[in-house]
Amino acid sequence: MANPGDFKLHATDGLARRGTLATAHGEIQTPIFMPVGTQGTVKSLSPTDLEEMEAQIILGNTYHLYLRPGDDLVARRGGLHKFANWKKPILTDSGGFQVFSLESIRKLSEEGVEFRSYIDGSKHFFSPEKAIDIQHNLGSDIMMVLDECVGYGADYAYTEKSLEMTTRWAKRCRARYPKGSGDQLMFGIVQGGFFKDLRERSLEQLRDIDFEGFAIGGLSVGEGTEEMYDILHHITPLMPTEKPRYLMGVGTPLDILEGVSAGVDMFDCVLPSRNARNGTLFTSVGKINIKKAQYREDDSPLDPNCDCYTCRNFSRAYLRHLYTAKELLSYRLNTYHNLHFYLKLMKEVRNSIEQGCFNKVKAKYEAIYAKPAA
């Protein structure tokens with residue numbers, strides 16, 4: 001049986017990779033999309049729903065779970081897996097992105113970041129060590145180092161200073177939980193903004209720390225698609241081939257396919273679940289805006305090529321009715337479908353890499369999603 005952290009490549013097709021990552025709660029088949037469960041739940045879905053759609057791993061949010069209900073409380077209840085009744089792997093982020101997005105209510109220093117709770121305004125402080133301690137309490141399979149996510153448009157001098165601090169923080173995170181301390185894995189996060197030499201420097205510094213995996217942070221922060229893809233294709237092939245590669249928070253179907261083509265193994269994004277709650281649904285025939293009047297008397301399934309619970313049982317007309325009536329079931333059925341679509345897409349991607357035809361699959365979805373939402 002593989003040990004937590006073991007990563008094995010089974011096939012490649014160009015730079016696209018098909019692999020397996022072992023964790024304490026099971027193996028993850030890559031490339032994989034990870035549904036986001038910010039507060040210990042993927043919004044509107046139960047663990048059974050996620051198991052039915054073959055979700056392999058979900059995310060928990062360190063920042064949010066620390067504030068509510070508290071990582072100590074979760075630890076006293078046996079960790080996040082037991083608390084949320086999820087038996088498969090969990091990845092927790094470090095809170096770095098939330099701190100970035102709350103720029104107006106935080107103060108950054110070498111020691112860490114002071115911020116105010118969005119719940120009650122109370123002051124809190126995350127050091128790199130505390131970010132790891134919280135994730136250790138949560139008991140996630142994969143912990144992320146604390147980093148500073150630099151916004152788009154930051155100049156070279158600030159970006160350079162930030163990445164050097166992120167590296168120092170990464171070393172402190174690794175020192176807090178040295179390799180071999182237990183079954184939890186730790187991933188470093190490559191920063192450097194939109195400067196290729198800084199991205200390379202960040203990666204080289206992190207390689208020396210020897211994490212179990214490496215993530216690409218600081219993308220999808222306001223830049224255009226071409227700029228994002230340029231950095232993605234530059235830095236991903238330089239990352240260690242023997243370690244999993246994780247692209248953080250980037251998640252349209254086309255972005256994911258582009259990431260796979262660059263050699264990325266793991267993805268997450270709130271987009272499919274958030275869009276579901278807003279009535280935008282991803283299908284094999286393109287995006288569908290279910291709130292449109294054209295679906296009022298449409299008795300066809302949402303996606304004629306989908307076998308998910310939503311598409312097997314309900315019409316577009318009913319889904320539109322639920323959405324316009326603001327019924328809670330709308331959130332569940334829409335979210336179920338969108339995440340099922342994403343996970344089915346990743347399964348198709350894995351099979352295509354094994355068969356050496358990934359580019360055909362990528363071209364197919366590029367043609368489908370080049371069209372505006374129906």
# chains A, B, ... in the order shown; residues from 1 in each chain; ligands from 1
$ residues_around --residues "stretch 36-44 of chain A" --least-positions-apart "3" --cutoff "8 Å" --atoms "only C-alpha atoms" --output "list in words"
Ile58, Leu59, Gly60, Asn61, His64, Leu65, Arg68, Leu80, Ala84, Asp268, Cys269, Val270, Ser273, Tyr331, Arg332 and Thr335 of chain A
$ closest_atom_pairs --of "stretch 166-215 of chain A" --to "stretch 1-15 of chain A" --cutoff "7 Å" --atoms "only C-alpha atoms" --output "CSV"
residue,atom,partner,partner_atom,distance
A:Asp183,CA,A:Pro4,CA,6.0
A:Leu185,CA,A:Gly5,CA,6.4
A:Glu212,CA,A:Gly5,CA,5.9
$ select_by_dssp --residues "stretch 55-204 of chain A" --states "strand (DSSP E or B)" --output "ChimeraX atom specification"
/A:58-61,90-93,106-109,112-116,123-126,142-144,185-190
$ write_last_selection --atoms "C-alpha atoms" --output "PDB file, in the first residue's frame"
ATOM      1  CA  ILE A  58     -12.843  18.322  -1.089  1.00  0.00           C
ATOM      2  CA  LEU A  59     -11.470  21.572   0.296  1.00  0.00           C
ATOM      3  CA  GLY A  60     -11.943  23.146   3.695  1.00  0.00           C
ATOM      4  CA  ASN A  61     -11.124  26.784   4.412  1.00  0.00           C
ATOM      5  CA  ILE A  90      -9.487  16.885   2.465  1.00  0.00           C
ATOM      6  CA  LEU A  91      -7.199  19.759   1.490  1.00  0.00           C
ATOM      7  CA  THR A  92      -7.208  22.908   3.609  1.00  0.00           C
ATOM      8  CA  ASP A  93      -5.908  26.216   2.350  1.00  0.00           C
ATOM      9  CA  ARG A 106      -5.700  43.451   7.640  1.00  0.00           C
ATOM     10  CA  LYS A 107      -2.113  44.424   8.462  1.00  0.00           C
ATOM     11  CA  LEU A 108       0.825  42.488   7.048  1.00  0.00           C
ATOM     12  CA  SER A 109       4.221  42.084   8.727  1.00  0.00           C
ATOM     13  CA  GLY A 112       2.316  37.237   9.926  1.00  0.00           C
ATOM     14  CA  VAL A 113      -0.974  38.965   9.304  1.00  0.00           C
ATOM     15  CA  GLU A 114      -3.375  40.702  11.658  1.00  0.00           C
ATOM     16  CA  PHE A 115      -6.959  40.858  10.482  1.00  0.00           C
ATOM     17  CA  ARG A 116     -10.443  41.580  11.687  1.00  0.00           C
ATOM     18  CA  LYS A 123      -8.935  41.094  15.902  1.00  0.00           C
ATOM     19  CA  HIS A 124      -6.982  37.937  15.056  1.00  0.00           C
ATOM     20  CA  PHE A 125      -3.414  37.109  14.052  1.00  0.00           C
ATOM     21  CA  PHE A 126      -2.122  34.393  11.721  1.00  0.00           C
ATOM     22  CA  ILE A 142      -3.020  18.261   2.598  1.00  0.00           C
ATOM     23  CA  MET A 143      -2.027  21.509   4.343  1.00  0.00           C
ATOM     24  CA  MET A 144      -1.034  24.658   2.500  1.00  0.00           C
ATOM     25  CA  LEU A 185       1.130  16.479   3.597  1.00  0.00           C
ATOM     26  CA  MET A 186       2.265  20.066   3.047  1.00  0.00           C
ATOM     27  CA  PHE A 187       2.369  21.935  -0.265  1.00  0.00           C
ATOM     28  CA  GLY A 188       4.441  25.022  -0.980  1.00  0.00           C
ATOM     29  CA  ILE A 189       2.933  27.858  -3.045  1.00  0.00           C
ATOM     30  CA  VAL A 190       4.800  29.461  -5.949  1.00  0.00           C
TER      31      VAL A 190
END
$ residues_around --residues "A:Leu328" --least-positions-apart "4" --cutoff "12 Å" --atoms "only C-alpha atoms" --output "CSV table (one decimal) with C-alpha atoms, in the first residue's frame"
chain,number,residue,atom,x,y,z
A,43,LYS,CA,-22.9,24.4,-0.2
A,44,SER,CA,-26.3,22.6,-0.5
A,45,LEU,CA,-24.8,19.1,-0.9
A,276,ALA,CA,-25.0,27.0,-10.0
A,277,ARG,CA,-26.6,29.2,-7.3
A,319,LEU,CA,-35.3,23.9,-12.8
A,321,HIS,CA,-39.3,27.3,-11.9
A,322,LEU,CA,-37.3,26.4,-8.8
A,323,TYR,CA,-34.8,29.2,-9.6
A,324,THR,CA,-37.3,31.9,-10.2
A,332,ARG,CA,-29.0,21.6,-4.6
A,333,LEU,CA,-30.0,20.4,-8.1
A,334,ASN,CA,-28.0,23.0,-9.9
A,335,THR,CA,-24.9,22.5,-7.7
$ select_by_dssp --residues "stretch 107-317 of chain A" --states "helix (DSSP H, G or I)" --output "PyMOL selection string"
chain A and resi 128-138+156-176+196-207+225-238+253-262+271-277+293-295+309-313+316-317
$ write_last_selection --atoms "C-alpha atoms" --output "PDB file, in the first residue's frame"
ATOM      1  CA  PRO A 128       2.866  30.856   9.510  1.00  0.00           C
ATOM      2  CA  GLU A 129       3.094  28.593  12.554  1.00  0.00           C
ATOM      3  CA  LYS A 130      -0.485  29.298  13.592  1.00  0.00           C
ATOM      4  CA  ALA A 131      -1.777  28.587  10.073  1.00  0.00           C
ATOM      5  CA  ILE A 132      -0.177  25.142  10.297  1.00  0.00           C
ATOM      6  CA  ASP A 133      -1.401  24.555  13.855  1.00  0.00           C
ATOM      7  CA  ILE A 134      -4.971  25.282  12.766  1.00  0.00           C
ATOM      8  CA  GLN A 135      -4.708  22.887   9.820  1.00  0.00           C
ATOM      9  CA  HIS A 136      -3.166  20.272  12.095  1.00  0.00           C
ATOM     10  CA  ASN A 137      -6.175  20.624  14.389  1.00  0.00           C
ATOM     11  CA  LEU A 138      -8.512  20.260  11.421  1.00  0.00           C
ATOM     12  CA  TYR A 156       8.233  44.385  -9.569  1.00  0.00           C
ATOM     13  CA  ALA A 157       9.743  45.711  -6.343  1.00  0.00           C
ATOM     14  CA  TYR A 158       6.691  44.889  -4.228  1.00  0.00           C
ATOM     15  CA  THR A 159       6.217  41.484  -5.867  1.00  0.00           C
ATOM     16  CA  GLU A 160       9.884  40.601  -5.259  1.00  0.00           C
ATOM     17  CA  LYS A 161       9.708  41.651  -1.619  1.00  0.00           C
ATOM     18  CA  SER A 162       6.473  39.702  -1.165  1.00  0.00           C
ATOM     19  CA  LEU A 163       7.768  36.460  -2.659  1.00  0.00           C
ATOM     20  CA  GLU A 164      10.887  36.579  -0.469  1.00  0.00           C
ATOM     21  CA  MET A 165       8.658  36.896   2.594  1.00  0.00           C
ATOM     22  CA  THR A 166       6.427  34.091   1.318  1.00  0.00           C
ATOM     23  CA  THR A 167       9.529  31.892   1.082  1.00  0.00           C
ATOM     24  CA  ARG A 168      10.531  32.733   4.653  1.00  0.00           C
ATOM     25  CA  TRP A 169       6.997  31.949   5.774  1.00  0.00           C
ATOM     26  CA  ALA A 170       7.127  28.645   3.868  1.00  0.00           C
ATOM     27  CA  LYS A 171      10.305  27.659   5.730  1.00  0.00           C
ATOM     28  CA  ARG A 172       8.615  28.449   9.041  1.00  0.00           C
ATOM     29  CA  CYS A 173       5.590  26.347   8.050  1.00  0.00           C
ATOM     30  CA  ARG A 174       7.829  23.372   7.203  1.00  0.00           C
ATOM     31  CA  ALA A 175       9.751  23.802  10.462  1.00  0.00           C
ATOM     32  CA  ARG A 176       6.474  23.767  12.374  1.00  0.00           C
ATOM     33  CA  LYS A 196       8.573  35.161 -15.015  1.00  0.00           C
ATOM     34  CA  ASP A 197      11.971  35.532 -13.372  1.00  0.00           C
ATOM     35  CA  LEU A 198      10.321  36.006  -9.980  1.00  0.00           C
ATOM     36  CA  ARG A 199       8.146  32.938 -10.537  1.00  0.00           C
ATOM     37  CA  GLU A 200      11.292  30.940 -11.299  1.00  0.00           C
ATOM     38  CA  ARG A 201      13.037  32.286  -8.206  1.00  0.00           C
ATOM     39  CA  SER A 202      10.077  31.426  -5.990  1.00  0.00           C
ATOM     40  CA  LEU A 203       9.999  27.883  -7.338  1.00  0.00           C
ATOM     41  CA  GLU A 204      13.733  27.357  -6.853  1.00  0.00           C
ATOM     42  CA  GLN A 205      13.539  28.558  -3.261  1.00  0.00           C
ATOM     43  CA  LEU A 206      10.591  26.278  -2.492  1.00  0.00           C
ATOM     44  CA  ARG A 207      12.247  23.236  -4.083  1.00  0.00           C
ATOM     45  CA  THR A 225      -6.783  35.076 -19.760  1.00  0.00           C
ATOM     46  CA  GLU A 226      -3.752  35.450 -22.049  1.00  0.00           C
ATOM     47  CA  GLU A 227      -1.592  36.758 -19.207  1.00  0.00           C
ATOM     48  CA  MET A 228      -2.705  33.952 -16.908  1.00  0.00           C
ATOM     49  CA  TYR A 229      -2.020  31.282 -19.525  1.00  0.00           C
ATOM     50  CA  ASP A 230       1.387  32.792 -20.313  1.00  0.00           C
ATOM     51  CA  ILE A 231       2.534  32.470 -16.683  1.00  0.00           C
ATOM     52  CA  LEU A 232       0.889  29.066 -16.336  1.00  0.00           C
ATOM     53  CA  HIS A 233       2.673  27.602 -19.358  1.00  0.00           C
ATOM     54  CA  HIS A 234       5.962  29.147 -18.296  1.00  0.00           C
ATOM     55  CA  ILE A 235       6.162  27.941 -14.697  1.00  0.00           C
ATOM     56  CA  THR A 236       4.314  24.593 -14.665  1.00  0.00           C
ATOM     57  CA  PRO A 237       6.791  22.622 -16.823  1.00  0.00           C
ATOM     58  CA  LEU A 238       9.613  23.808 -14.519  1.00  0.00           C
ATOM     59  CA  PRO A 253     -13.710  24.259 -17.896  1.00  0.00           C
ATOM     60  CA  LEU A 254     -11.406  25.841 -20.490  1.00  0.00           C
ATOM     61  CA  ASP A 255      -9.008  27.116 -17.806  1.00  0.00           C
ATOM     62  CA  ILE A 256      -8.798  23.617 -16.345  1.00  0.00           C
ATOM     63  CA  LEU A 257      -8.129  22.049 -19.736  1.00  0.00           C
ATOM     64  CA  GLU A 258      -5.433  24.654 -20.371  1.00  0.00           C
ATOM     65  CA  GLY A 259      -3.912  23.830 -16.980  1.00  0.00           C
ATOM     66  CA  VAL A 260      -3.886  20.117 -17.785  1.00  0.00           C
ATOM     67  CA  SER A 261      -2.165  20.852 -21.105  1.00  0.00           C
ATOM     68  CA  ALA A 262       0.573  22.686 -19.143  1.00  0.00           C
ATOM     69  CA  LEU A 271     -17.049  28.797  -9.754  1.00  0.00           C
ATOM     70  CA  PRO A 272     -19.183  25.687 -10.523  1.00  0.00           C
ATOM     71  CA  SER A 273     -21.043  25.824  -7.204  1.00  0.00           C
ATOM     72  CA  ARG A 274     -21.351  29.616  -7.117  1.00  0.00           C
ATOM     73  CA  ASN A 275     -22.539  29.755 -10.729  1.00  0.00           C
ATOM     74  CA  ALA A 276     -25.042  27.003  -9.957  1.00  0.00           C
ATOM     75  CA  ARG A 277     -26.618  29.170  -7.260  1.00  0.00           C
ATOM     76  CA  ALA A 293     -37.770  32.664 -20.294  1.00  0.00           C
ATOM     77  CA  GLN A 294     -37.028  30.281 -23.178  1.00  0.00           C
ATOM     78  CA  TYR A 295     -36.881  27.387 -20.687  1.00  0.00           C
ATOM     79  CA  TYR A 309     -29.503  12.887 -10.527  1.00  0.00           C
ATOM     80  CA  THR A 310     -30.676  16.293 -11.739  1.00  0.00           C
ATOM     81  CA  CYS A 311     -30.686  15.414 -15.432  1.00  0.00           C
ATOM     82  CA  ARG A 312     -32.238  11.976 -14.904  1.00  0.00           C
ATOM     83  CA  ASN A 313     -35.201  13.328 -12.965  1.00  0.00           C
ATOM     84  CA  ARG A 316     -35.323  22.534 -17.690  1.00  0.00           C
ATOM     85  CA  ALA A 317     -38.810  23.971 -17.070  1.00  0.00           C
TER      86      ALA A 317
END
$ residues_around --residues "A:Gly286" --least-positions-apart "6" --cutoff "10 Å" --atoms "only C-alpha atoms" --output "PyMOL selection string"
chain A and resi 303+365-374
$ residues_around --residues "A:Met266" --least-positions-apart "6" --cutoff "6 Å" --atoms "only C-alpha atoms" --output "NGL selection string"
:A and (31-32 or 246)
$ atom_distance --atom1 "atom CA of A:Ile290" --atom2 "atom CA of A:Glu223"
28.4 Å
$ residues_around --residues "A:Phe358" --least-positions-apart "2" --cutoff "10 Å" --atoms "only C-alpha atoms" --output "mmCIF file with C-alpha atoms, in the first residue's frame"
data_model
loop_
_atom_site.group_PDB
_atom_site.id
_atom_site.type_symbol
_atom_site.label_atom_id
_atom_site.label_comp_id
_atom_site.auth_asym_id
_atom_site.auth_seq_id
_atom_site.Cartn_x
_atom_site.Cartn_y
_atom_site.Cartn_z
ATOM 1 C CA THR A 12 1.634 11.410 -20.192
ATOM 2 C CA ASP A 13 0.307 12.986 -23.374
ATOM 3 C CA GLY A 14 2.443 15.952 -24.290
ATOM 4 C CA ALA A 16 -0.552 16.452 -19.681
ATOM 5 C CA ARG A 17 -0.083 13.959 -16.843
ATOM 6 C CA LEU A 257 -8.129 22.049 -19.736
ATOM 7 C CA VAL A 260 -3.886 20.117 -17.785
ATOM 8 C CA SER A 261 -2.165 20.852 -21.105
ATOM 9 C CA GLU A 348 -12.786 12.034 -19.475
ATOM 10 C CA VAL A 349 -9.494 13.956 -19.307
ATOM 11 C CA ARG A 350 -7.773 11.155 -17.365
ATOM 12 C CA ASN A 351 -8.958 8.561 -19.868
ATOM 13 C CA SER A 352 -7.860 10.707 -22.817
ATOM 14 C CA ILE A 353 -4.332 11.085 -21.415
ATOM 15 C CA GLU A 354 -4.091 7.315 -21.023
ATOM 16 C CA GLN A 355 -5.261 6.862 -24.609
ATOM 17 C CA GLY A 356 -3.034 9.621 -26.018
ATOM 18 C CA LYS A 360 -8.973 16.001 -29.127
ATOM 19 C CA VAL A 361 -10.908 16.317 -25.862
ATOM 20 C CA LYS A 362 -9.501 19.799 -25.271
ATOM 21 C CA ALA A 363 -10.447 20.907 -28.800
ATOM 22 C CA LYS A 364 -13.956 19.511 -28.369
#
$ residues_around --residues "A:Pro244" --least-positions-apart "5" --cutoff "7 Å" --atoms "only C-alpha atoms" --output "list of chain:residue names"
A:Phe7, A:Gly213, A:Phe214, A:Asp265
$ decode --residues "stretch 255-310 of chain A" --atoms "C-alpha atoms" --output "PDB file, in the first residue's frame"
ATOM      1  CA  ASP A 255      -9.008  27.116 -17.806  1.00  0.00           C
ATOM      2  CA  ILE A 256      -8.798  23.617 -16.345  1.00  0.00           C
ATOM      3  CA  LEU A 257      -8.129  22.049 -19.736  1.00  0.00           C
ATOM      4  CA  GLU A 258      -5.433  24.654 -20.371  1.00  0.00           C
ATOM      5  CA  GLY A 259      -3.912  23.830 -16.980  1.00  0.00           C
ATOM      6  CA  VAL A 260      -3.886  20.117 -17.785  1.00  0.00           C
ATOM      7  CA  SER A 261      -2.165  20.852 -21.105  1.00  0.00           C
ATOM      8  CA  ALA A 262       0.573  22.686 -19.143  1.00  0.00           C
ATOM      9  CA  GLY A 263       1.051  19.765 -16.748  1.00  0.00           C
ATOM     10  CA  VAL A 264      -1.170  20.665 -13.763  1.00  0.00           C
ATOM     11  CA  ASP A 265      -2.565  17.771 -11.694  1.00  0.00           C
ATOM     12  CA  MET A 266      -4.996  19.371  -9.223  1.00  0.00           C
ATOM     13  CA  PHE A 267      -7.597  22.147  -9.451  1.00  0.00           C
ATOM     14  CA  ASP A 268     -10.170  23.842  -7.238  1.00  0.00           C
ATOM     15  CA  CYS A 269     -12.585  26.716  -7.665  1.00  0.00           C
ATOM     16  CA  VAL A 270     -15.860  27.977  -6.219  1.00  0.00           C
ATOM     17  CA  LEU A 271     -17.049  28.797  -9.754  1.00  0.00           C
ATOM     18  CA  PRO A 272     -19.183  25.687 -10.523  1.00  0.00           C
ATOM     19  CA  SER A 273     -21.043  25.824  -7.204  1.00  0.00           C
ATOM     20  CA  ARG A 274     -21.351  29.616  -7.117  1.00  0.00           C
ATOM     21  CA  ASN A 275     -22.539  29.755 -10.729  1.00  0.00           C
ATOM     22  CA  ALA A 276     -25.042  27.003  -9.957  1.00  0.00           C
ATOM     23  CA  ARG A 277     -26.618  29.170  -7.260  1.00  0.00           C
ATOM     24  CA  ASN A 278     -26.782  32.022  -9.788  1.00  0.00           C
ATOM     25  CA  GLY A 279     -28.516  29.863 -12.409  1.00  0.00           C
ATOM     26  CA  THR A 280     -25.555  29.313 -14.760  1.00  0.00           C
ATOM     27  CA  LEU A 281     -25.098  25.635 -15.593  1.00  0.00           C
ATOM     28  CA  PHE A 282     -22.287  23.837 -17.425  1.00  0.00           C
ATOM     29  CA  THR A 283     -23.331  21.169 -19.911  1.00  0.00           C
ATOM     30  CA  SER A 284     -21.996  19.073 -22.757  1.00  0.00           C
ATOM     31  CA  VAL A 285     -23.599  21.547 -25.174  1.00  0.00           C
ATOM     32  CA  GLY A 286     -22.245  24.675 -23.486  1.00  0.00           C
ATOM     33  CA  LYS A 287     -23.336  27.032 -20.708  1.00  0.00           C
ATOM     34  CA  ILE A 288     -27.043  27.373 -20.011  1.00  0.00           C
ATOM     35  CA  ASN A 289     -28.614  30.298 -18.165  1.00  0.00           C
ATOM     36  CA  ILE A 290     -31.601  28.500 -16.626  1.00  0.00           C
ATOM     37  CA  LYS A 291     -33.353  31.707 -15.581  1.00  0.00           C
ATOM     38  CA  LYS A 292     -34.113  32.633 -19.210  1.00  0.00           C
ATOM     39  CA  ALA A 293     -37.770  32.664 -20.294  1.00  0.00           C
ATOM     40  CA  GLN A 294     -37.028  30.281 -23.178  1.00  0.00           C
ATOM     41  CA  TYR A 295     -36.881  27.387 -20.687  1.00  0.00           C
ATOM     42  CA  ARG A 296     -40.275  28.075 -19.110  1.00  0.00           C
ATOM     43  CA  GLU A 297     -41.968  25.208 -20.989  1.00  0.00           C
ATOM     44  CA  ASP A 298     -38.901  23.181 -21.958  1.00  0.00           C
ATOM     45  CA  ASP A 299     -39.506  19.589 -20.879  1.00  0.00           C
ATOM     46  CA  SER A 300     -36.101  18.313 -21.975  1.00  0.00           C
ATOM     47  CA  PRO A 301     -33.398  17.404 -19.456  1.00  0.00           C
ATOM     48  CA  LEU A 302     -30.833  20.060 -18.637  1.00  0.00           C
ATOM     49  CA  ASP A 303     -28.072  18.123 -20.409  1.00  0.00           C
ATOM     50  CA  PRO A 304     -29.059  15.357 -22.854  1.00  0.00           C
ATOM     51  CA  ASN A 305     -25.690  13.658 -22.347  1.00  0.00           C
ATOM     52  CA  CYS A 306     -25.627  13.734 -18.538  1.00  0.00           C
ATOM     53  CA  ASP A 307     -26.656  10.904 -16.213  1.00  0.00           C
ATOM     54  CA  CYS A 308     -26.575  12.887 -12.957  1.00  0.00           C
ATOM     55  CA  TYR A 309     -29.503  12.887 -10.527  1.00  0.00           C
ATOM     56  CA  THR A 310     -30.676  16.293 -11.739  1.00  0.00           C
TER      57      THR A 310
END
